[in-house]
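Here is the file final_3.tsv (TSV, C-alpha atoms (C1' of nucleotides)).
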chain	number	residue	atom	x	y	z
A	1	MET	CA	0.00	0.00	0.00
A	2	TYR	CA	1.02	3.53	-0.72
A	3	GLU	CA	2.56	5.39	2.17
A	4	ARG	CA	2.62	9.14	2.49
A	5	LYS	CA	6.06	10.65	2.52
A	6	ILE	CA	5.31	14.23	3.41
A	7	PRO	CA	3.61	14.72	6.77
A	8	LEU	CA	-0.02	15.64	6.52
A	9	THR	CA	-0.87	19.12	7.65
A	10	ILE	CA	-3.77	19.00	10.06
A	11	ASP	CA	-3.19	22.11	12.05
A	12	CYS	CA	-6.46	23.84	11.37
A	13	GLY	CA	-9.99	22.66	10.87
A	14	LEU	CA	-9.81	23.52	7.21
A	15	HIS	CA	-7.08	20.99	6.63
A	16	LEU	CA	-8.77	18.28	8.62
A	17	THR	CA	-11.93	18.66	6.62
A	18	LYS	CA	-10.03	18.87	3.38
A	19	GLU	CA	-8.40	15.55	4.14
A	20	VAL	CA	-11.75	13.89	4.66
A	21	LEU	CA	-13.14	15.28	1.41
A	22	ASN	CA	-9.91	14.69	-0.42
A	23	GLY	CA	-10.67	12.58	-3.44
A	24	LYS	CA	-12.19	13.34	-6.77
A	25	TRP	CA	-15.49	11.70	-5.93
A	26	LYS	CA	-15.76	11.91	-2.16
A	27	PRO	CA	-18.34	14.70	-1.95
A	28	ALA	CA	-20.37	13.14	-4.74
A	29	LEU	CA	-20.24	9.77	-3.01
A	30	LEU	CA	-21.46	11.18	0.26
A	31	ASN	CA	-24.19	12.96	-1.61
A	32	ALA	CA	-25.26	9.85	-3.45
A	33	ILE	CA	-25.33	7.77	-0.31
A	34	SER	CA	-27.33	10.42	1.49
A	35	MET	CA	-29.83	10.12	-1.35
A	36	ASP	CA	-30.14	6.42	-0.70
A	37	VAL	CA	-28.05	5.38	-3.65
A	38	LYS	CA	-26.09	3.03	-1.52
A	39	ARG	CA	-24.97	0.00	-3.44
A	40	PRO	CA	-21.66	0.34	-5.27
A	41	SER	CA	-23.23	-0.84	-8.50
A	42	GLU	CA	-25.93	1.81	-8.21
A	43	ILE	CA	-23.41	4.51	-7.51
A	44	LEU	CA	-21.39	3.38	-10.44
A	45	ARG	CA	-24.37	3.75	-12.73
A	46	LEU	CA	-25.34	7.10	-11.28
A	47	LEU	CA	-21.97	8.79	-11.28
A	48	GLN	CA	-20.81	8.17	-14.77
A	49	GLY	CA	-17.14	8.90	-14.84
A	50	VAL	CA	-16.05	7.01	-11.76
A	51	THR	CA	-14.08	3.87	-12.26
A	52	ARG	CA	-14.99	0.77	-10.34
A	53	ARG	CA	-11.55	0.70	-8.83
A	54	VAL	CA	-11.59	4.29	-7.72
A	55	LEU	CA	-15.08	3.90	-6.35
A	56	THR	CA	-13.95	0.99	-4.22
A	57	VAL	CA	-10.91	2.83	-2.95
A	58	GLN	CA	-12.66	6.06	-2.11
A	59	LEU	CA	-15.55	4.32	-0.41
A	60	LYS	CA	-13.04	2.47	1.68
A	61	GLU	CA	-11.34	5.69	2.68
A	62	LEU	CA	-14.65	7.25	3.63
A	63	GLU	CA	-15.30	4.18	5.71
A	64	GLU	CA	-11.90	4.32	7.37
A	65	HIS	CA	-12.48	7.95	8.15
A	66	GLY	CA	-15.76	7.04	9.79
A	67	MET	CA	-18.02	8.88	7.36
A	68	VAL	CA	-19.84	5.84	6.04
A	69	GLU	CA	-20.71	2.38	7.28
A	70	LYS	CA	-20.65	-0.72	5.20
A	71	LYS	CA	-23.13	-3.51	5.50
A	72	ILE	CA	-22.24	-6.76	3.80
A	73	TYR	CA	-24.99	-9.18	2.99
A	74	PRO	CA	-23.68	-12.76	2.97
A	75	GLN	CA	-24.95	-13.54	-0.50
A	76	LEU	CA	-23.72	-14.40	-3.90
A	77	PRO	CA	-23.39	-12.43	-6.00
A	78	PRO	CA	-22.30	-10.13	-3.22
A	79	LYS	CA	-24.51	-7.36	-1.93
A	80	VAL	CA	-23.15	-4.41	-0.06
A	81	GLU	CA	-24.80	-1.27	1.18
A	82	TYR	CA	-23.19	1.87	2.44
A	83	SER	CA	-24.84	4.38	4.70
A	84	LEU	CA	-23.79	7.60	6.33
A	85	THR	CA	-22.71	7.59	9.95
A	86	ALA	CA	-23.74	10.34	12.32
A	87	ILE	CA	-20.63	12.32	11.63
A	88	GLY	CA	-21.08	11.67	7.93
A	89	TRP	CA	-24.56	13.15	8.12
A	90	SER	CA	-23.16	16.17	9.87
A	91	LEU	CA	-21.21	16.90	6.72
A	92	MET	CA	-24.27	17.03	4.53
A	93	PRO	CA	-25.17	20.66	5.11
A	94	ILE	CA	-21.69	21.51	3.90
A	95	ILE	CA	-21.92	19.22	0.90
A	96	ASP	CA	-25.24	20.80	0.06
A	97	ALA	CA	-23.73	24.24	0.36
A	98	LEU	CA	-20.84	23.30	-1.92
A	99	ASN	CA	-23.29	21.90	-4.41
A	100	GLN	CA	-25.55	24.90	-4.34
A	101	TRP	CA	-22.75	27.39	-4.58
A	102	GLY	CA	-21.45	25.64	-7.67
A	103	ASP	CA	-24.86	25.49	-9.28
A	104	THR	CA	-25.70	29.07	-8.40
A	105	ASN	CA	-22.52	30.31	-9.99
A	106	ARG	CA	-22.40	27.80	-12.79
A	107	ARG	CA	-22.50	30.31	-15.62
A	108	PHE	CA	-19.58	32.25	-14.24
A	109	LEU	CA	-17.57	29.27	-13.11
A	110	GLU	CA	-17.85	27.42	-16.37
A	111	THR	CA	-16.49	30.47	-18.09
A	112	VAL	CA	-13.47	31.02	-15.89
A	113	ILE	CA	-12.67	27.35	-15.65
A	114	THR	CA	-12.91	26.86	-19.37
A	115	GLN	CA	-10.71	29.86	-20.04
A	116	ASP	CA	-8.09	28.43	-17.75
A	117	PRO	CA	-5.15	27.79	-20.09
A	118	LYS	CA	-4.45	24.44	-18.56
A	119	THR	CA	-7.97	23.24	-19.20
A	120	THR	CA	-8.42	22.10	-22.74
A	121	GLN	CA	-11.56	20.09	-22.52
A	122	VAL	CA	-14.37	19.56	-20.14
A	123	SER	CA	-16.84	16.78	-19.53
A	124	LYS	CA	-20.36	18.03	-19.06
A	125	SER	CA	-22.47	14.96	-18.94
A	126	PRO	CA	-25.85	15.77	-17.48
A	127	CYS	CA	-25.81	15.89	-13.73
A	128	PRO	CA	-27.35	12.81	-12.21
A	129	ALA	CA	-30.73	13.74	-10.90
A	130	TYR	CA	-30.41	12.49	-7.39
A	131	ARG	CA	-33.18	14.69	-6.23
A	132	HIS	CA	-35.99	12.85	-7.89
A	133	LEU	CA	-34.97	9.59	-6.35
A	134	LEU	CA	-36.26	10.65	-3.00
A	135	SER	CA	-38.30	13.64	-2.10
A	136	GLU	CA	-36.57	13.74	1.24
A	137	ARG	CA	-33.56	12.08	2.63
A	138	LYS	CA	-34.02	9.21	4.93
A	139	ILE	CA	-32.12	9.95	8.04
A	140	GLY	CA	-30.44	7.09	9.79
B	1	MET	CA	2.65	25.41	-18.87
B	2	TYR	CA	1.04	22.19	-17.82
B	3	GLU	CA	-1.98	21.14	-19.79
B	4	ARG	CA	-4.66	18.84	-18.52
B	5	LYS	CA	-5.05	15.62	-20.46
B	6	ILE	CA	-8.16	14.22	-18.93
B	7	PRO	CA	-11.25	16.38	-19.38
B	8	LEU	CA	-12.39	18.11	-16.24
B	9	THR	CA	-15.67	16.90	-14.86
B	10	ILE	CA	-17.92	19.84	-14.17
B	11	ASP	CA	-21.30	18.29	-14.48
B	12	CYS	CA	-22.62	19.07	-11.06
B	13	GLY	CA	-22.19	21.95	-8.67
B	14	LEU	CA	-20.09	19.82	-6.40
B	15	HIS	CA	-17.45	19.39	-9.06
B	16	LEU	CA	-17.41	23.03	-10.04
B	17	THR	CA	-16.84	24.08	-6.47
B	18	LYS	CA	-14.27	21.40	-5.95
B	19	GLU	CA	-12.31	22.73	-8.87
B	20	VAL	CA	-12.23	26.21	-7.40
B	21	LEU	CA	-11.10	24.94	-4.00
B	22	ASN	CA	-8.75	22.44	-5.54
B	23	GLY	CA	-5.30	23.08	-4.16
B	24	LYS	CA	-3.69	22.26	-0.89
B	25	TRP	CA	-3.87	25.83	0.37
B	26	LYS	CA	-6.79	27.37	-1.46
B	27	PRO	CA	-9.29	27.40	1.40
B	28	ALA	CA	-6.65	28.62	3.81
B	29	LEU	CA	-5.65	31.36	1.41
B	30	LEU	CA	-9.19	32.58	1.02
B	31	ASN	CA	-9.56	32.49	4.75
B	32	ALA	CA	-6.37	34.44	5.32
B	33	ILE	CA	-7.28	37.07	2.78
B	34	SER	CA	-10.73	37.43	4.27
B	35	MET	CA	-8.98	38.14	7.56
B	36	ASP	CA	-7.07	40.94	5.96
B	37	VAL	CA	-3.83	39.05	5.68
B	38	LYS	CA	-3.43	40.10	2.12
B	39	ARG	CA	0.16	40.51	1.15
B	40	PRO	CA	1.93	37.38	-0.07
B	41	SER	CA	4.73	37.87	2.42
B	42	GLU	CA	2.25	38.09	5.27
B	43	ILE	CA	0.45	35.00	4.13
B	44	LEU	CA	3.73	33.19	3.85
B	45	ARG	CA	4.56	34.02	7.44
B	46	LEU	CA	1.11	33.12	8.68
B	47	LEU	CA	0.66	29.81	6.91
B	48	GLN	CA	3.83	28.05	7.79
B	49	GLY	CA	4.11	25.14	5.44
B	50	VAL	CA	3.34	26.85	2.17
B	51	THR	CA	6.17	27.33	-0.24
B	52	ARG	CA	6.65	30.67	-1.88
B	53	ARG	CA	6.27	29.06	-5.25
B	54	VAL	CA	3.09	27.25	-4.41
B	55	LEU	CA	1.68	30.35	-2.80
B	56	THR	CA	2.26	32.30	-5.99
B	57	VAL	CA	0.74	29.64	-8.16
B	58	GLN	CA	-2.35	29.07	-6.07
B	59	LEU	CA	-3.01	32.76	-5.63
B	60	LYS	CA	-2.80	33.11	-9.36
B	61	GLU	CA	-5.32	30.35	-9.86
B	62	LEU	CA	-7.68	31.93	-7.38
B	63	GLU	CA	-7.30	35.14	-9.30
B	64	GLU	CA	-7.91	33.46	-12.64
B	65	HIS	CA	-10.99	31.85	-11.19
B	66	GLY	CA	-12.21	35.25	-10.12
B	67	MET	CA	-12.13	34.60	-6.38
B	68	VAL	CA	-9.52	37.21	-5.54
B	69	GLU	CA	-8.32	40.47	-6.98
B	70	LYS	CA	-4.76	41.57	-7.10
B	71	LYS	CA	-3.62	45.11	-6.58
B	72	ILE	CA	-0.08	45.92	-7.57
B	73	TYR	CA	1.55	48.96	-6.07
B	74	PRO	CA	4.17	50.35	-8.42
B	75	GLN	CA	6.92	50.35	-5.85
B	76	LEU	CA	10.19	48.76	-5.16
B	77	PRO	CA	10.50	46.42	-3.47
B	78	PRO	CA	7.21	45.30	-4.91
B	79	LYS	CA	4.02	45.50	-2.96
B	80	VAL	CA	0.98	43.47	-3.82
B	81	GLU	CA	-2.31	43.07	-2.06
B	82	TYR	CA	-4.96	40.50	-2.66
B	83	SER	CA	-8.58	40.89	-1.73
B	84	LEU	CA	-11.70	38.82	-2.13
B	85	THR	CA	-14.08	39.56	-4.95
B	86	ALA	CA	-17.82	39.44	-4.43
B	87	ILE	CA	-18.00	35.86	-5.52
B	88	GLY	CA	-14.97	35.11	-3.39
B	89	TRP	CA	-16.78	36.53	-0.38
B	90	SER	CA	-19.77	34.39	-1.17
B	91	LEU	CA	-17.60	31.37	-0.52
B	92	MET	CA	-16.70	32.44	2.97
B	93	PRO	CA	-19.69	30.95	4.77
B	94	ILE	CA	-18.71	27.63	3.27
B	95	ILE	CA	-15.06	28.05	4.19
B	96	ASP	CA	-16.15	28.90	7.71
B	97	ALA	CA	-18.34	25.83	7.83
B	98	LEU	CA	-15.51	23.62	6.63
B	99	ASN	CA	-13.25	25.12	9.24
B	100	GLN	CA	-15.74	24.74	12.04
B	101	TRP	CA	-16.65	21.22	11.15
B	102	GLY	CA	-12.99	20.25	11.26
B	103	ASP	CA	-12.41	21.96	14.57
B	104	THR	CA	-15.57	20.58	16.10
B	105	ASN	CA	-14.61	17.05	15.19
B	106	ARG	CA	-10.90	17.45	15.68
B	107	ARG	CA	-10.54	14.78	18.34
B	108	PHE	CA	-12.25	12.19	16.22
B	109	LEU	CA	-10.70	13.20	12.93
B	110	GLU	CA	-7.17	13.26	14.25
B	111	THR	CA	-7.67	9.74	15.45
B	112	VAL	CA	-9.04	8.27	12.26
B	113	ILE	CA	-6.63	10.16	10.08
B	114	THR	CA	-3.66	9.15	12.14
B	115	GLN	CA	-4.72	5.53	12.13
B	116	ASP	CA	-4.91	5.60	8.37
B	117	PRO	CA	-2.22	3.14	7.29
B	118	LYS	CA	-0.96	5.44	4.58
B	119	THR	CA	-0.40	8.25	7.03
B	120	THR	CA	2.82	7.83	8.89
B	121	GLN	CA	3.38	11.28	10.23
B	122	VAL	CA	1.46	14.43	10.73
B	123	SER	CA	2.37	18.06	11.07
B	124	LYS	CA	0.48	19.79	13.83
B	125	SER	CA	2.05	23.17	14.05
B	126	PRO	CA	-0.20	25.50	15.98
B	127	CYS	CA	-3.01	26.88	13.90
B	128	PRO	CA	-2.41	30.47	12.93
B	129	ALA	CA	-4.65	32.64	15.02
B	130	TYR	CA	-6.34	34.59	12.32
B	131	ARG	CA	-9.17	35.47	14.56
B	132	HIS	CA	-7.32	37.83	16.79
B	133	LEU	CA	-6.06	39.84	13.88
B	134	LEU	CA	-9.44	41.38	13.33
B	135	SER	CA	-12.50	41.19	15.49
B	136	GLU	CA	-14.62	41.39	12.40
B	137	ARG	CA	-13.93	40.98	8.79
B	138	LYS	CA	-13.76	44.02	6.66
B	139	ILE	CA	-16.13	43.52	3.83
B	140	GLY	CA	-15.14	44.87	0.46
C	1	DT	C1'	29.76	45.64	-1.21
C	2	DA	C1'	27.34	41.73	0.54
C	3	DG	C1'	22.98	40.55	1.83
C	4	DC	C1'	18.02	41.18	2.76
C	5	DA	C1'	13.27	42.11	1.44
C	6	DT	C1'	9.60	41.95	-2.03
C	7	DA	C1'	7.02	39.37	-5.79
C	8	DG	C1'	7.15	36.51	-9.81
C	9	DG	C1'	8.23	32.71	-12.78
C	10	DG	C1'	10.88	28.84	-15.52
C	11	DA	C1'	12.55	24.15	-15.21
C	12	DT	C1'	12.46	20.03	-13.24
C	13	DA	C1'	12.10	16.51	-9.45
C	14	DA	C1'	9.26	14.25	-6.32
C	15	DA	C1'	5.06	12.90	-4.47
C	16	DA	C1'	0.23	11.91	-4.54
C	17	DT	C1'	-3.81	10.66	-6.90
C	18	DT	C1'	-6.41	8.30	-10.68
C	19	DA	C1'	-6.79	5.24	-14.40
C	20	DT	C1'	-6.23	0.78	-16.60
C	21	DC	C1'	-5.93	-4.05	-16.62
C	22	DC	C1'	-6.45	-8.42	-14.83
C	23	DC	C1'	-7.95	-12.04	-11.32
C	24	DT	C1'	-11.25	-14.12	-7.73
C	25	DT	C1'	-15.94	-15.96	-6.04
C	26	DA	C1'	-20.48	-18.33	-7.21
C	27	DT	C1'	-24.99	-18.25	-9.11
C	28	DG	C1'	-28.15	-17.55	-13.00
C	29	DT	C1'	-29.23	-17.31	-17.97
C	30	DC	C1'	-28.81	-18.05	-23.04
D	1	DG	C1'	-19.53	-23.57	-22.01
D	2	DA	C1'	-19.59	-18.46	-22.42
D	3	DC	C1'	-21.02	-14.53	-20.30
D	4	DA	C1'	-23.21	-11.27	-17.09
D	5	DT	C1'	-23.63	-9.79	-12.11
D	6	DA	C1'	-21.78	-8.26	-7.80
D	7	DA	C1'	-17.84	-6.51	-4.97
D	8	DG	C1'	-13.02	-6.43	-3.96
D	9	DG	C1'	-8.11	-5.97	-4.61
D	10	DG	C1'	-3.08	-6.33	-6.59
D	11	DA	C1'	0.13	-4.28	-9.85
D	12	DT	C1'	1.40	-0.82	-12.56
D	13	DA	C1'	0.90	3.14	-15.81
D	14	DA	C1'	-0.53	7.74	-16.43
D	15	DT	C1'	-1.77	12.03	-14.87
D	16	DT	C1'	-1.96	15.79	-11.76
D	17	DT	C1'	-0.22	18.35	-7.98
D	18	DT	C1'	3.57	20.03	-4.92
D	19	DA	C1'	8.18	20.80	-3.84
D	20	DT	C1'	12.91	22.40	-4.88
D	21	DC	C1'	16.11	25.21	-6.96
D	22	DC	C1'	17.58	29.05	-9.30
D	23	DC	C1'	17.15	33.69	-11.65
D	24	DT	C1'	14.89	38.42	-12.37
D	25	DA	C1'	14.48	43.38	-10.43
D	26	DT	C1'	15.73	47.57	-7.10
D	27	DG	C1'	16.41	50.08	-3.06
D	28	DC	C1'	17.88	49.81	1.77
D	29	DT	C1'	20.96	48.58	5.50
D	30	DA	C1'	25.06	46.77	7.99
Conversion result in structure tokens:
Amino acid sequence: MYERKIPLTIDCGLHLTKEVLNGKWKPALLNAISMDVKRPSEILRLLQGVTRRVLTVQLKELEEHGMVEKKIYPQLPPKVEYSLTAIGWSLMPIIDALNQWGDTNRRFLETVITQDPKTTQVSKSPCPAYRHLLSERKIG
Amino acid sequence: MYERKIPLTIDCGLHLTKEVLNGKWKPALLNAISMDVKRPSEILRLLQGVTRRVLTVQLKELEEHGMVEKKIYPQLPPKVEYSLTAIGWSLMPIIDALNQWGDTNRRFLETVITQDPKTTQVSKSPCPAYRHLLSERKIG
DNA sequence: TAGCATAGGGATAAAATTATCCCTTATGTC
DNA sequence: GACATAAGGGATAATTTTATCCCTATGCTA
């Protein structure tokens, strides 16, 4: 397994939180799970762009960091369900805020990000419509 | 200059926001600037751990993304001041929330992060006390 | 005059993160 | 039998991000 060589900076809350959300799909995963999309295969279908491998790895990190819980059903083919822990739920207002801020400023952000010289192309597949899956989140 | 090879995913708000905050020091930089620590040299002293090079680069990205504005004073030695733009300010509630969440859950997070097998060491230099620099933020 | 401070940036090395590919398990279907 | 499904993980390549090092400019100070 990979081992970090440069000490992690966790001096202020910002860095701690950043570490938890560190991963291309982490916020999206938490969001999906909060919307009751909880089986890896479902998530994979919903979030087009994630790789199966990366999904597995990032879910595992979220689990190790205590944000999600994993329930394994002793079946074949295997069935697994992830759910948010209490502390994972406590992140949701922030995830929502991040999501809303991005959507609110989409016009502007798309422009500046696209004009970024280092960005040549952009993938804009339609955003998965989590919201219609559940009218409200199930808590717990 | 470096050019991205894999298209950026910006399909949902979460990804857009992530892109803006993407960078080891971005949230901390926005926070510092919001606290009126606005000259690069000041920031460098405050945020021990950042490299001068990385500071320059990430400030530039924040500027290109429209989150901060740069004011150059035609002096020698050079004097530069960064300040938040309107949209930059609109991120501050989120930055605050990220910061608070991390601080609130520090005990727990330090534990899980430290137990992470890939994390061997951690840098816990005292968190820069932005808060005492200003009792309130100056807006604008 | 040597050295410091101030801000920026090029070039490149190192580190960290993601992507790709392949293998395992066991049941069900064509 | 071949293949799909479901989840996981090892090994390694590719990509992206950070770190290091060095050079620019000018006025001030020891």
Select, as JSON, numbers by chain, those residues of chain A with any atom no more than 8 Å from chain B (distances computed using only C-alpha atoms). {"A": [1, 2, 3, 4, 5, 6, 7, 8, 9, 10, 11, 12, 13, 14, 15, 16, 17, 18, 27, 28, 64, 65, 66, 91, 94, 95, 97, 98, 99, 100, 101, 102, 103, 104, 106, 109, 110, 112, 113, 116, 117, 118, 119, 120, 121, 122, 123, 124, 125, 126, 127, 128]}
I need the chosen residues saved as a tab-separated table (two decimals), in the frame of the given file, with C-alpha atoms.
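Resulting contents of out_21.tsv:
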chain	number	residue	atom	x	y	z
A	1	MET	CA	0.00	0.00	0.00
A	2	TYR	CA	1.02	3.53	-0.72
A	3	GLU	CA	2.56	5.39	2.17
A	4	ARG	CA	2.62	9.14	2.49
A	5	LYS	CA	6.06	10.65	2.52
A	6	ILE	CA	5.31	14.23	3.41
A	7	PRO	CA	3.61	14.72	6.77
A	8	LEU	CA	-0.02	15.64	6.52
A	9	THR	CA	-0.87	19.12	7.65
A	10	ILE	CA	-3.77	19.00	10.06
A	11	ASP	CA	-3.19	22.11	12.05
A	12	CYS	CA	-6.46	23.84	11.37
A	13	GLY	CA	-9.99	22.66	10.87
A	14	LEU	CA	-9.81	23.52	7.21
A	15	HIS	CA	-7.08	20.99	6.63
A	16	LEU	CA	-8.77	18.28	8.62
A	17	THR	CA	-11.93	18.66	6.62
A	18	LYS	CA	-10.03	18.87	3.38
A	27	PRO	CA	-18.34	14.70	-1.95
A	28	ALA	CA	-20.37	13.14	-4.74
A	64	GLU	CA	-11.90	4.32	7.37
A	65	HIS	CA	-12.48	7.95	8.15
A	66	GLY	CA	-15.76	7.04	9.79
A	91	LEU	CA	-21.21	16.90	6.72
A	94	ILE	CA	-21.69	21.51	3.90
A	95	ILE	CA	-21.92	19.22	0.90
A	97	ALA	CA	-23.73	24.24	0.36
A	98	LEU	CA	-20.84	23.30	-1.92
A	99	ASN	CA	-23.29	21.90	-4.41
A	100	GLN	CA	-25.55	24.90	-4.34
A	101	TRP	CA	-22.75	27.39	-4.58
A	102	GLY	CA	-21.45	25.64	-7.67
A	103	ASP	CA	-24.86	25.49	-9.28
A	104	THR	CA	-25.70	29.07	-8.40
A	106	ARG	CA	-22.40	27.80	-12.79
A	109	LEU	CA	-17.57	29.27	-13.11
A	110	GLU	CA	-17.85	27.42	-16.37
A	112	VAL	CA	-13.47	31.02	-15.89
A	113	ILE	CA	-12.67	27.35	-15.65
A	116	ASP	CA	-8.09	28.43	-17.75
A	117	PRO	CA	-5.15	27.79	-20.09
A	118	LYS	CA	-4.45	24.44	-18.56
A	119	THR	CA	-7.97	23.24	-19.20
A	120	THR	CA	-8.42	22.10	-22.74
A	121	GLN	CA	-11.56	20.09	-22.52
A	122	VAL	CA	-14.37	19.56	-20.14
A	123	SER	CA	-16.84	16.78	-19.53
A	124	LYS	CA	-20.36	18.03	-19.06
A	125	SER	CA	-22.47	14.96	-18.94
A	126	PRO	CA	-25.85	15.77	-17.48
A	127	CYS	CA	-25.81	15.89	-13.73
A	128	PRO	CA	-27.35	12.81	-12.21
Could you please select, counting only C-alpha atoms (C1' of nucleotides), the residues of chain C within 10 Å of chain B and state them as a compact mmCIF listing (two decimals) with C-alpha atoms (C1' of nucleotides), in the coordinates of the input?
# COMPACT_ATOMS: atom_id res chain seq x y z
C1' DA C 5 13.27 42.11 1.44
C1' DT C 6 9.60 41.95 -2.03
C1' DA C 7 7.02 39.37 -5.79
C1' DG C 8 7.15 36.51 -9.81
C1' DG C 9 8.23 32.71 -12.78
C1' DG C 10 10.88 28.84 -15.52
What gap, in Å, lies between atom C1' of DC22 of chain C and atom C1' of DG8 of chain D? 12.9 Å
Distance of atom C1' of DA26 of chain C from atom CA of Asp36 of chain A, expressed in Å to one decimal place: 27.4 Å
Give me, please, the distance in Å between atom CA of Leu44 of chain B and atom C1' of DA2 of chain C, quoted to one decimal.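 Between atom CA of Leu44 of chain B and atom C1' of DA2 of chain C the gap works out to 25.3 Å.
For chain D, the residues within 10 Å of chain B are DA14, DT15, DT16, DT17, DT18, DA19, DT20, DA25, DT26, DG27 and DC28 of chain D, with only C-alpha atoms (C1' of nucleotides) used to measure distance.
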Residues of the last selection are to be written out with C-alpha atoms (C1' of nucleotides), as a PDB file, keeping the file's coordinate frame.
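Resulting contents of part-v9.pdb:
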ATOM      1  C1'  DA D  14      -0.530   7.740 -16.430  1.00  0.00           C
ATOM      2  C1'  DT D  15      -1.770  12.030 -14.870  1.00  0.00           C
ATOM      3  C1'  DT D  16      -1.960  15.790 -11.760  1.00  0.00           C
ATOM      4  C1'  DT D  17      -0.220  18.350  -7.980  1.00  0.00           C
ATOM      5  C1'  DT D  18       3.570  20.030  -4.920  1.00  0.00           C
ATOM      6  C1'  DA D  19       8.180  20.800  -3.840  1.00  0.00           C
ATOM      7  C1'  DT D  20      12.910  22.400  -4.880  1.00  0.00           C
ATOM      8  C1'  DA D  25      14.480  43.380 -10.430  1.00  0.00           C
ATOM      9  C1'  DT D  26      15.730  47.570  -7.100  1.00  0.00           C
ATOM     10  C1'  DG D  27      16.410  50.080  -3.060  1.00  0.00           C
ATOM     11  C1'  DC D  28      17.880  49.810   1.770  1.00  0.00           C
TER      12       DC D  28
END
Can you pull out the residues contacting Glu69 of chain B? Cut-off 8 Å, using only C-alpha atoms (C1' of nucleotides), and skip same-chain residues under 6 positions away; I want them as a PDB file with C-alpha atoms, in the frame of the given file.
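What ended up in out-v6.pdb:
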ATOM      1  CA  GLU B  63      -7.300  35.140  -9.300  1.00  0.00           C
ATOM      2  CA  TYR B  82      -4.960  40.500  -2.660  1.00  0.00           C
ATOM      3  CA  SER B  83      -8.580  40.890  -1.730  1.00  0.00           C
ATOM      4  CA  LEU B  84     -11.700  38.820  -2.130  1.00  0.00           C
ATOM      5  CA  THR B  85     -14.080  39.560  -4.950  1.00  0.00           C
TER       6      THR B  85
END
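Of the residues listed (A:Met92, A:Leu62, A:Leu55, A:Leu47), A:Leu55 shows the shortest atom-to-atom separation from DT18 of chain C; distances use all atoms listed in the file.
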